[in-house]
Amino acid sequence: MNLLLLIGAPLLTAVAVLFSRNKQQVKWISLLGSIIQIILAFALLFAFRQERAENNSAQMLFEQNHKLFDSLNINFHFGVDGISVAMILLTSLVVVAGVLVSWNIEKMTKEFYFLLLLLGLGAYGFFISLDLFILFFFLEISVIPKYLLIGIWGSGKKEYSANKLALMLMGGSALILVGMLGLYFTAGHSFDILALSKIDIPVYIQNLLFPLLFVGFGVFTALFPLHTWVPDGHSSAPTAGSMFLAGISMKLGGYGCLRIATYLLPEGAKEYADIIIILSAIAILYGAFATMMQKDLKYINAYSSVSHVGFSLLGIGMLTQTAITGALMQMVSHGLMTALFFAVIGMVYDRTHTRMVGEMGGLMKVMPFISTVFFIVGLCSLGLPGFSGFVAEMTVFMGSWENADAFHRIATIAAAMSIVVTAVYILRATGQTMMGPIKNESHLQLKDAAWNEKLAAIILVAGILAIGIAPGWLNDLLRPAAEEIMNRIDGK
Amino acid sequence: MNEFFTLMKSELVVTAIIFLLLFIKIGKGMKNESLLSLVQVLLLLNFIAGFFFNKTGNLFGDMFYTTPLIAFQKNILSLAVYLISLLCSDWLKKTGHLPEFFMLMLSALLGMFLMISSSNLLIFYLSLELATIPVAAMANFDLEKKRSSEGAMKMILSSAFSSGILLFGISLLYGATGTISFPEITAQLDGSSVQILAFIFIVTAFAFKLSIVPFHLWTADVYEGSPMAVTSFLSVVSKGSVAFIFITVLYKMFQPMQDMWYTLLVILAIATMVTGNLFALRQQNIKRFLAFSSIAQVGFILVGISSNDYMGITAVVYFILIYVFSNLAAFGVATVIAERTGKENIDDYKGLYKTNPFLSWILALALFSLAGVPPTAGFFGKLFLLTAGGAKAAYWFILVAALNMIISLYYYLRVVRAMFMDKNDNPVEPIKVSPVVKLALIICGAGIIMIGLLSWIFEYIKTLH
C-alpha cells in the first residue's frame, strides 16, 4: 500500500474544501474525504496484517524514500510498524467523528473544516514519517490550526487559552528542535530514524539530549508539570477542536516520547526513567483529585485526560515490554474515549447551553441516546472490564509489576489507587447530570441526538468495544513493535 | 571587452534603466501611470536577464569579481525591487517625482550590486556609499510629512557616522597590511592588535547597516518615518545586500580570524535576537513592529553566518530569498491598508478578516513565515539557519535561538489574533485591491508556500558555490 495516499487524501480534501461554493458542499466534501481516510486506514491495517502473516518481519513495512533536501540528508522517508498503524486507525476514527459532530457549525464553515482537515493531515504525516525533520515538520503543522480553531470558534477565555496552547507547544517544539539537531550532528548528518536506531550514541550525549526530546514531546502529551495548557485549551476549544486535541494531538507527544526519545536514546531513558515514573504518578493522582473538584464537564474531562495520559507515560517509564504495550494501548484507548467524551459533552452543551454539572439533571429521560453514550464513556473511563480503558490500564499495571523493586511497586500502587478516585468523579458526574429528577423545566423540550451525532458516537463506541471485548488484534499490532523498542533498550 | 559585458551585465542593465529614466525626465516626460508600467516591465526584464550568462571572473585588476552565486544574490535583490515596484504602485502613482524615485532606488541597487561584487576595500567603500545616500533621499520622499524628513535626517546621520567608523577601520587595516585588496589582506593577517582594532571597527560599521544590537537605534524611527516603499526597500534589499557582503568579508577576508569573529557573532546574534524580540512585543505601530521584527530576523541570520562553511552561505541566501517574500508580503498588506485608510496601528487591524479576508490571509501567511511555522517557507529557512549554526555543537546557542522563536511567535500571533479573533465596531472597510498589487501579493503568497516545499531551490543555491 502506498503510504503517500494517507497524506494525499486529507490534502486533496482540504484543497477541495477551499474551492467549494457553499456550506453544504464543504460539509459533504469533508465527510467524503474523512470516510476515504477511514477506508485507507482499514486497508492499511489489513495490508499490514497480510504482510505480517506472510512472515514479512521487516521492522517497517511499505517503506518509501524520496529525496528532499539532498545536501542536508533530509528525505521523505515513510514507513509504518504496528504502532503507526494503530495510531493512524485512531486518527481516522476521530477525524470522521469530528467532522460529523461539527455538522451544525455556522460561523466560517469553510475555514473551520479546512483547519480541521489540516490538523488531521499533520497527524497522518507525523505517524508515518521515518525522518526526524519531516516528523517535526508535521508535528509543527498542527500548532497553528489548533490556535485558530480555539481562538476563532472557541468559547470562554478563548484568546488566552489559544495563546497559552500555541506558546507552550512551541516551547516544546523548541526543545525537540535542539534535541533533533543534536542527534543529527552526533549521527554524522542524518535525520533518519532507522539509521539513528542502529548507531551507538555516547552515553553522555544521550543523557544530554534525552531530557530535551522527552520534555519537548512531553509538553504535547501533558507531562506533569507542563500540562497546564490542557484544561484551558480543552475547555475553550470547540467540540471538534477538543476531540482532535485530546484524541489525536496529545498522542503525537506520547508517540514521540516513545519512538524518538526512548527508542533512539535508550541509555538516556534508563537514566531518567525514575523521574518519568515519579512525574507520571503525580500526574495520575493529581489529575484524578483535580477532576473531583471540577464543576464544568469539559474541565472534568480535561483533568481526567491529564490523569489518563499519565498511564501512558508511566508505562513508558517502566521500560518493560508489557508496560510499553500497555502504554500504547492506553494511547489508542484514551484517544477514542476522550474524543467520545468531548463529543457527548458538546452534544449536551448544544442543547442545554450549560456545561455545569449542577445545572443539569435527569437528562436520561429526555435524551436517552446521548445519556447512554455518556454512561458508556464514563464506564470506559473508570476502567470497567469490557471497555478499552480496562484492557489498557491493566496491561500497564501488569507490565509495571514486572519491576520487582519497592520504588516501582509503590509507584504502581499509587497509580492504581487513582482508579478509585476516577470512579468517584465519573459516577458523581454521570449521576448528577443523567439521573434523578429534571432540575430545569426547559430541558423537557430538548431533542435527542441527530443522525450525524449518532453516527459519530457509534463509530467511536465501536472502536472502544472492539478493543475492550477483543483486545487481541491490537495486542498483535503493538507487541512486536514494543519488542523492537525493548530490544534496543536492553542492548540486544 | 566581451568579458566586461558578460561579467558586469547586471550593473550595466541597471545603469541603462537609470539613463533611460533620466532621458524621459529631461525630454517630454510621461504620465505617471504609463511610466510606472514601463519601469515595472523593465525591472521584470532585469530580473529575468539575471538568470543568463552567469560566469566567474575578475575585472579591473581584481577589484570586481563575480560568481554564479553572486549573480544569484543580485537576482534576489532585483526580484525584491520588482516586487516593491508592484506592491507600492498605488503610492507611486500619486507621488510627483516618479522618475527621480526610481532613479534613486536603482542607483542604490547599482551600489549594492557593486558592493556584493567588490573585492577591494576602496570599491567596497565607494559602492556602500552609493547604496546608502540615495536611500536617505528616498526616505525623505513624503515631502509634506515631518516624520519623513526626520527619518531621512536620522538615516543620513547614522550612515555618515558608520561610514566614518568604516573608513577608520579601513585605514587601520591598510596601515597594518599595506594593501586594500581582500585576498592580499587575508594573506597578511596575523592577529596583531592593530588588525583586531581594525576588524572591530569594520564589523561595527556592518552592524550599523544591518541594525545589529547595540547599533540598531536608528532603525525603528527611520522605518516609521519613511514611506512604505522605502521602508520595505530598507528592510529587505538593504539588509539582504549588506548580509551578503558581510559573509564575503568574514568568510574570505577575515578567515584567519575566524575564532575571534565566531565568538563575536554569537554574542551579537543573541543580543540582537533578544532585544529585537523584546522590543517588538510592545509596539503598536505596524511599521515599528516590523522594524523590530526585522532586527530579530537579522539575529537569526547571524546564527547562520556563524557556521563558517558552505552550509552557512547557502542557508543565509536561502533564508533571505524567503525573507524577501515574507517581509514584502507583510509590508505590502500594510501599505495597502495605510494607503487607503491611513491606519497604521495593530489595533486598527482588529476584525480585518471580516472585511478583507484576502489581505488577512496574506498577512497571516507572511507572519507565520516570519515566525518560522510550517508549512510556510520560513520554517525551512529558520531551521536551516539553526542547522548551520549548530554545526559547531554549541547546542545552548541553538536553544537560545529556538526559545527566541517562541517569543517571536507571541507577537506575530498578536497581529493574527487582532485580525481573526478580536471584535471591532469600526473595522477597516472592505478594500478593493488593484490588480497589480493583488498579483504581487499572490506572488509573495505563492513564494511563501512553495519555496520551502520545492527543495531543489535550496539544492540549486548549494551547487552555485
# chains A, B, ... in the order shown; residues from 1 in each chain; ligands from 1
>>> residues_around(residues="B:Lys94", least_positions_apart="4", cutoff="12 Å", atoms="only C-alpha atoms", output="MDAnalysis selection string")
chainID B and resid 31:33 36 88:90 98 101 141:142 339
>>> interface_residues(of="chain A", to="chain B", cutoff="7 Å", atoms="only C-alpha atoms", output="ChimeraX atom specification")
/A:68-69,71,137,140-141,151-152,167,170-171,174,178,181
>>> write_last_selection(atoms="N, CA and C atoms", output="PDB file, in the first residue's frame")
ATOM      1  N   LEU A  68      14.580  14.817  -0.518  1.00  0.00           N
ATOM      2  CA  LEU A  68      14.029  16.160  -0.437  1.00  0.00           C
ATOM      3  C   LEU A  68      15.183  17.155  -0.456  1.00  0.00           C
ATOM      4  N   PHE A  69      15.767  17.420   0.694  1.00  0.00           N
ATOM      5  CA  PHE A  69      16.939  18.297   0.722  1.00  0.00           C
ATOM      6  C   PHE A  69      18.157  17.385   0.764  1.00  0.00           C
ATOM      7  N   SER A  71      21.361  17.671   0.095  1.00  0.00           N
ATOM      8  CA  SER A  71      22.647  18.036   0.677  1.00  0.00           C
ATOM      9  C   SER A  71      22.607  18.030   2.202  1.00  0.00           C
ATOM     10  N   PHE A 137       8.318  18.560  11.056  1.00  0.00           N
ATOM     11  CA  PHE A 137       7.523  19.411  10.168  1.00  0.00           C
ATOM     12  C   PHE A 137       6.031  19.140  10.371  1.00  0.00           C
ATOM     13  N   GLU A 140       4.699  20.304  13.765  1.00  0.00           N
ATOM     14  CA  GLU A 140       4.508  21.748  13.874  1.00  0.00           C
ATOM     15  C   GLU A 140       3.340  22.231  13.033  1.00  0.00           C
ATOM     16  N   ILE A 141       3.052  21.534  11.948  1.00  0.00           N
ATOM     17  CA  ILE A 141       1.937  21.926  11.086  1.00  0.00           C
ATOM     18  C   ILE A 141       0.659  22.056  11.898  1.00  0.00           C
ATOM     19  N   GLY A 151      -9.066  29.911  19.025  1.00  0.00           N
ATOM     20  CA  GLY A 151      -9.226  31.361  19.106  1.00  0.00           C
ATOM     21  C   GLY A 151     -10.454  31.877  18.395  1.00  0.00           C
ATOM     22  N   ILE A 152     -10.806  31.274  17.268  1.00  0.00           N
ATOM     23  CA  ILE A 152     -11.934  31.808  16.491  1.00  0.00           C
ATOM     24  C   ILE A 152     -13.256  31.164  16.902  1.00  0.00           C
ATOM     25  N   LEU A 167       1.907  28.848  22.555  1.00  0.00           N
ATOM     26  CA  LEU A 167       3.239  29.150  23.052  1.00  0.00           C
ATOM     27  C   LEU A 167       3.848  27.966  23.779  1.00  0.00           C
ATOM     28  N   MET A 170       4.871  25.493  21.196  1.00  0.00           N
ATOM     29  CA  MET A 170       6.070  25.956  20.511  1.00  0.00           C
ATOM     30  C   MET A 170       7.294  25.789  21.401  1.00  0.00           C
ATOM     31  N   GLY A 171       7.100  26.002  22.702  1.00  0.00           N
ATOM     32  CA  GLY A 171       8.211  25.787  23.622  1.00  0.00           C
ATOM     33  C   GLY A 171       8.674  24.343  23.582  1.00  0.00           C
ATOM     34  N   ALA A 174      10.626  23.830  20.521  1.00  0.00           N
ATOM     35  CA  ALA A 174      11.982  24.373  20.573  1.00  0.00           C
ATOM     36  C   ALA A 174      12.929  23.361  21.201  1.00  0.00           C
ATOM     37  N   VAL A 178      16.185  21.347  19.329  1.00  0.00           N
ATOM     38  CA  VAL A 178      17.576  21.270  19.762  1.00  0.00           C
ATOM     39  C   VAL A 178      18.004  19.804  19.890  1.00  0.00           C
ATOM     40  N   LEU A 181      18.550  18.367  16.417  1.00  0.00           N
ATOM     41  CA  LEU A 181      19.806  18.772  15.783  1.00  0.00           C
ATOM     42  C   LEU A 181      20.988  18.093  16.468  1.00  0.00           C
TER      43      LEU A 181
END
>>> residues_around(residues="stretch 74-84 of chain A", least_positions_apart="3", cutoff="9 Å", atoms="only C-alpha atoms", output="PyMOL selection string")
chain A and resi 3-4+45+48+58-71+87-89+125+127-134+190-192+255+328+474+476-482
>>> atom_distance(atom1="atom CA of B:Lys432", atom2="atom CA of B:Val39")
23.7 Å
>>> atom_distance(atom1="atom CA of B:Phe289", atom2="atom CA of A:Leu149")
25.5 Å
>>> residues_around(residues="B:Ile17", least_positions_apart="5", cutoff="12 Å", atoms="only C-alpha atoms", output="PyMOL selection string")
chain B and resi 10-12+22-24+38-46+99+102-107+109-110
>>> closest_residue(among="A:Gln321, A:Ser312, A:Asn73, A:Asn301", to="A:Met337", atoms="only C-alpha atoms")
A:Asn301
>>> residues_around(residues="A:Leu148", least_positions_apart="4", cutoff="10 Å", atoms="only C-alpha atoms", output="list in words")
Glu111, Phe112, Leu115, Val143, Ile144, Ile152, Trp153, Gly154, Lys158, Glu159, Ala162, Asn163, Ala166, Ala237 and Gly241 of chain A; Leu413, Val416, Arg417, Phe420 and Met421 of chain B
>>> write_last_selection(atoms="N, CA and C atoms", output="mmCIF file, in the first residue's frame")
data_model
loop_
_atom_site.group_PDB
_atom_site.id
_atom_site.type_symbol
_atom_site.label_atom_id
_atom_site.label_comp_id
_atom_site.auth_asym_id
_atom_site.auth_seq_id
_atom_site.Cartn_x
_atom_site.Cartn_y
_atom_site.Cartn_z
ATOM 1 N N GLU A 111 -13.545 27.694 6.565
ATOM 2 C CA GLU A 111 -12.265 27.774 7.255
ATOM 3 C C GLU A 111 -12.167 26.720 8.350
ATOM 4 N N PHE A 112 -13.304 26.512 9.036
ATOM 5 C CA PHE A 112 -13.311 25.547 10.131
ATOM 6 C C PHE A 112 -12.916 24.158 9.632
ATOM 7 N N LEU A 115 -9.232 23.881 8.477
ATOM 8 C CA LEU A 115 -8.251 23.744 9.558
ATOM 9 C C LEU A 115 -8.335 22.372 10.204
ATOM 10 N N VAL A 143 0.172 23.034 14.943
ATOM 11 C CA VAL A 143 0.077 24.032 16.012
ATOM 12 C C VAL A 143 -0.848 25.191 15.613
ATOM 13 N N ILE A 144 -0.657 25.725 14.418
ATOM 14 C CA ILE A 144 -1.427 26.902 14.014
ATOM 15 C C ILE A 144 -2.915 26.591 13.842
ATOM 16 N N ILE A 152 -10.806 31.274 17.268
ATOM 17 C CA ILE A 152 -11.934 31.808 16.491
ATOM 18 C C ILE A 152 -13.256 31.164 16.902
ATOM 19 N N TRP A 153 -13.257 29.847 17.024
ATOM 20 C CA TRP A 153 -14.537 29.164 17.260
ATOM 21 C C TRP A 153 -14.743 28.771 18.716
ATOM 22 N N GLY A 154 -13.793 29.124 19.567
ATOM 23 C CA GLY A 154 -13.864 28.666 20.951
ATOM 24 C C GLY A 154 -14.864 29.444 21.774
ATOM 25 N N LYS A 158 -11.154 32.346 25.313
ATOM 26 C CA LYS A 158 -10.547 31.586 24.229
ATOM 27 C C LYS A 158 -9.204 32.151 23.772
ATOM 28 N N GLU A 159 -9.069 33.504 23.713
ATOM 29 C CA GLU A 159 -7.802 34.060 23.229
ATOM 30 C C GLU A 159 -6.659 33.672 24.151
ATOM 31 N N ALA A 162 -5.887 29.988 23.647
ATOM 32 C CA ALA A 162 -5.237 29.724 22.373
ATOM 33 C C ALA A 162 -3.776 30.146 22.426
ATOM 34 N N ASN A 163 -3.536 31.321 23.010
ATOM 35 C CA ASN A 163 -2.167 31.800 23.122
ATOM 36 C C ASN A 163 -1.324 30.872 23.979
ATOM 37 N N ALA A 166 -0.577 27.649 22.064
ATOM 38 C CA ALA A 166 0.390 27.791 20.966
ATOM 39 C C ALA A 166 1.787 28.008 21.513
ATOM 40 N N ALA A 237 -11.874 25.161 23.566
ATOM 41 C CA ALA A 237 -11.949 24.747 22.162
ATOM 42 C C ALA A 237 -13.380 24.384 21.783
ATOM 43 N N GLY A 241 -12.623 20.611 18.062
ATOM 44 C CA GLY A 241 -11.272 21.003 18.425
ATOM 45 C C GLY A 241 -10.786 20.233 19.638
ATOM 46 N N LEU B 413 1.622 36.345 16.608
ATOM 47 C CA LEU B 413 0.246 35.899 16.849
ATOM 48 C C LEU B 413 -0.640 37.046 17.309
ATOM 49 N N VAL B 416 -2.176 38.318 14.277
ATOM 50 C CA VAL B 416 -3.130 37.329 13.767
ATOM 51 C C VAL B 416 -4.401 37.355 14.601
ATOM 52 N N ARG B 417 -4.197 37.440 15.909
ATOM 53 C CA ARG B 417 -5.340 37.466 16.818
ATOM 54 C C ARG B 417 -6.196 38.711 16.566
ATOM 55 N N PHE B 420 -8.138 38.023 13.225
ATOM 56 C CA PHE B 420 -9.084 36.918 13.125
ATOM 57 C C PHE B 420 -10.036 36.825 14.303
ATOM 58 N N MET B 421 -9.598 37.240 15.501
ATOM 59 C CA MET B 421 -10.399 36.925 16.676
ATOM 60 C C MET B 421 -11.040 38.139 17.320
#
>>> residues_around(residues="B:Ala207", least_positions_apart="6", cutoff="10 Å", atoms="only C-alpha atoms", output="tab-separated table (two decimals) with N, CA and C atoms, in the first residue's frame")
chain	number	residue	atom	x	y	z
B	162	SER	N	28.49	55.76	10.60
B	162	SER	CA	29.01	54.40	10.39
B	162	SER	C	30.04	54.40	9.27
B	201	PHE	N	36.29	47.79	14.17
B	201	PHE	CA	35.67	48.96	13.56
B	201	PHE	C	34.87	48.57	12.32
B	213	VAL	N	22.09	44.80	17.20
B	213	VAL	CA	22.16	45.40	18.53
B	213	VAL	C	23.62	45.41	18.96
B	214	PRO	N	24.17	46.45	19.53
B	214	PRO	CA	23.58	47.70	20.03
B	214	PRO	C	23.61	48.87	19.03
B	215	PHE	N	23.67	48.60	17.74
B	215	PHE	CA	23.73	49.69	16.78
B	215	PHE	C	22.43	49.79	15.98
B	216	HIS	N	21.32	49.51	16.66
B	216	HIS	CA	20.06	49.37	15.95
B	216	HIS	C	19.13	50.55	16.14
B	242	VAL	N	23.71	43.89	2.41
B	242	VAL	CA	24.79	44.00	3.39
B	242	VAL	C	25.10	42.64	4.00
B	243	ALA	N	24.06	41.82	4.21
B	243	ALA	CA	24.32	40.48	4.75
B	243	ALA	C	25.20	39.68	3.80
B	246	PHE	N	28.69	40.96	4.00
B	246	PHE	CA	29.21	40.63	5.33
B	246	PHE	C	29.77	39.21	5.33
B	268	LEU	N	26.71	38.86	19.42
B	268	LEU	CA	25.86	39.81	18.71
B	268	LEU	C	24.53	39.18	18.34
>>> closest_residue(among="B:Ser232, B:Ser294, B:Gln284, B:Ser148", to="B:Leu210", atoms="only C-alpha atoms")
B:Ser294
>>> select_by_dssp(residues="stretch 9-137 of chain B", states="alpha helix (DSSP H)", output="JSON, numbers by chain")
{"B": [9, 10, 11, 12, 13, 14, 15, 16, 17, 18, 19, 20, 21, 22, 23, 24, 25, 26, 32, 33, 34, 35, 36, 37, 38, 39, 40, 41, 42, 43, 44, 45, 46, 47, 48, 49, 68, 69, 70, 71, 72, 73, 74, 75, 76, 77, 78, 79, 80, 81, 82, 83, 84, 85, 86, 87, 89, 90, 91, 92, 93, 94, 98, 99, 100, 101, 102, 103, 104, 105, 106, 107, 108, 109, 110, 111, 112, 113, 114, 115, 116, 117, 121, 122, 123, 124, 125, 126, 127, 128, 129, 130, 131, 132, 133, 134, 135, 136, 137]}
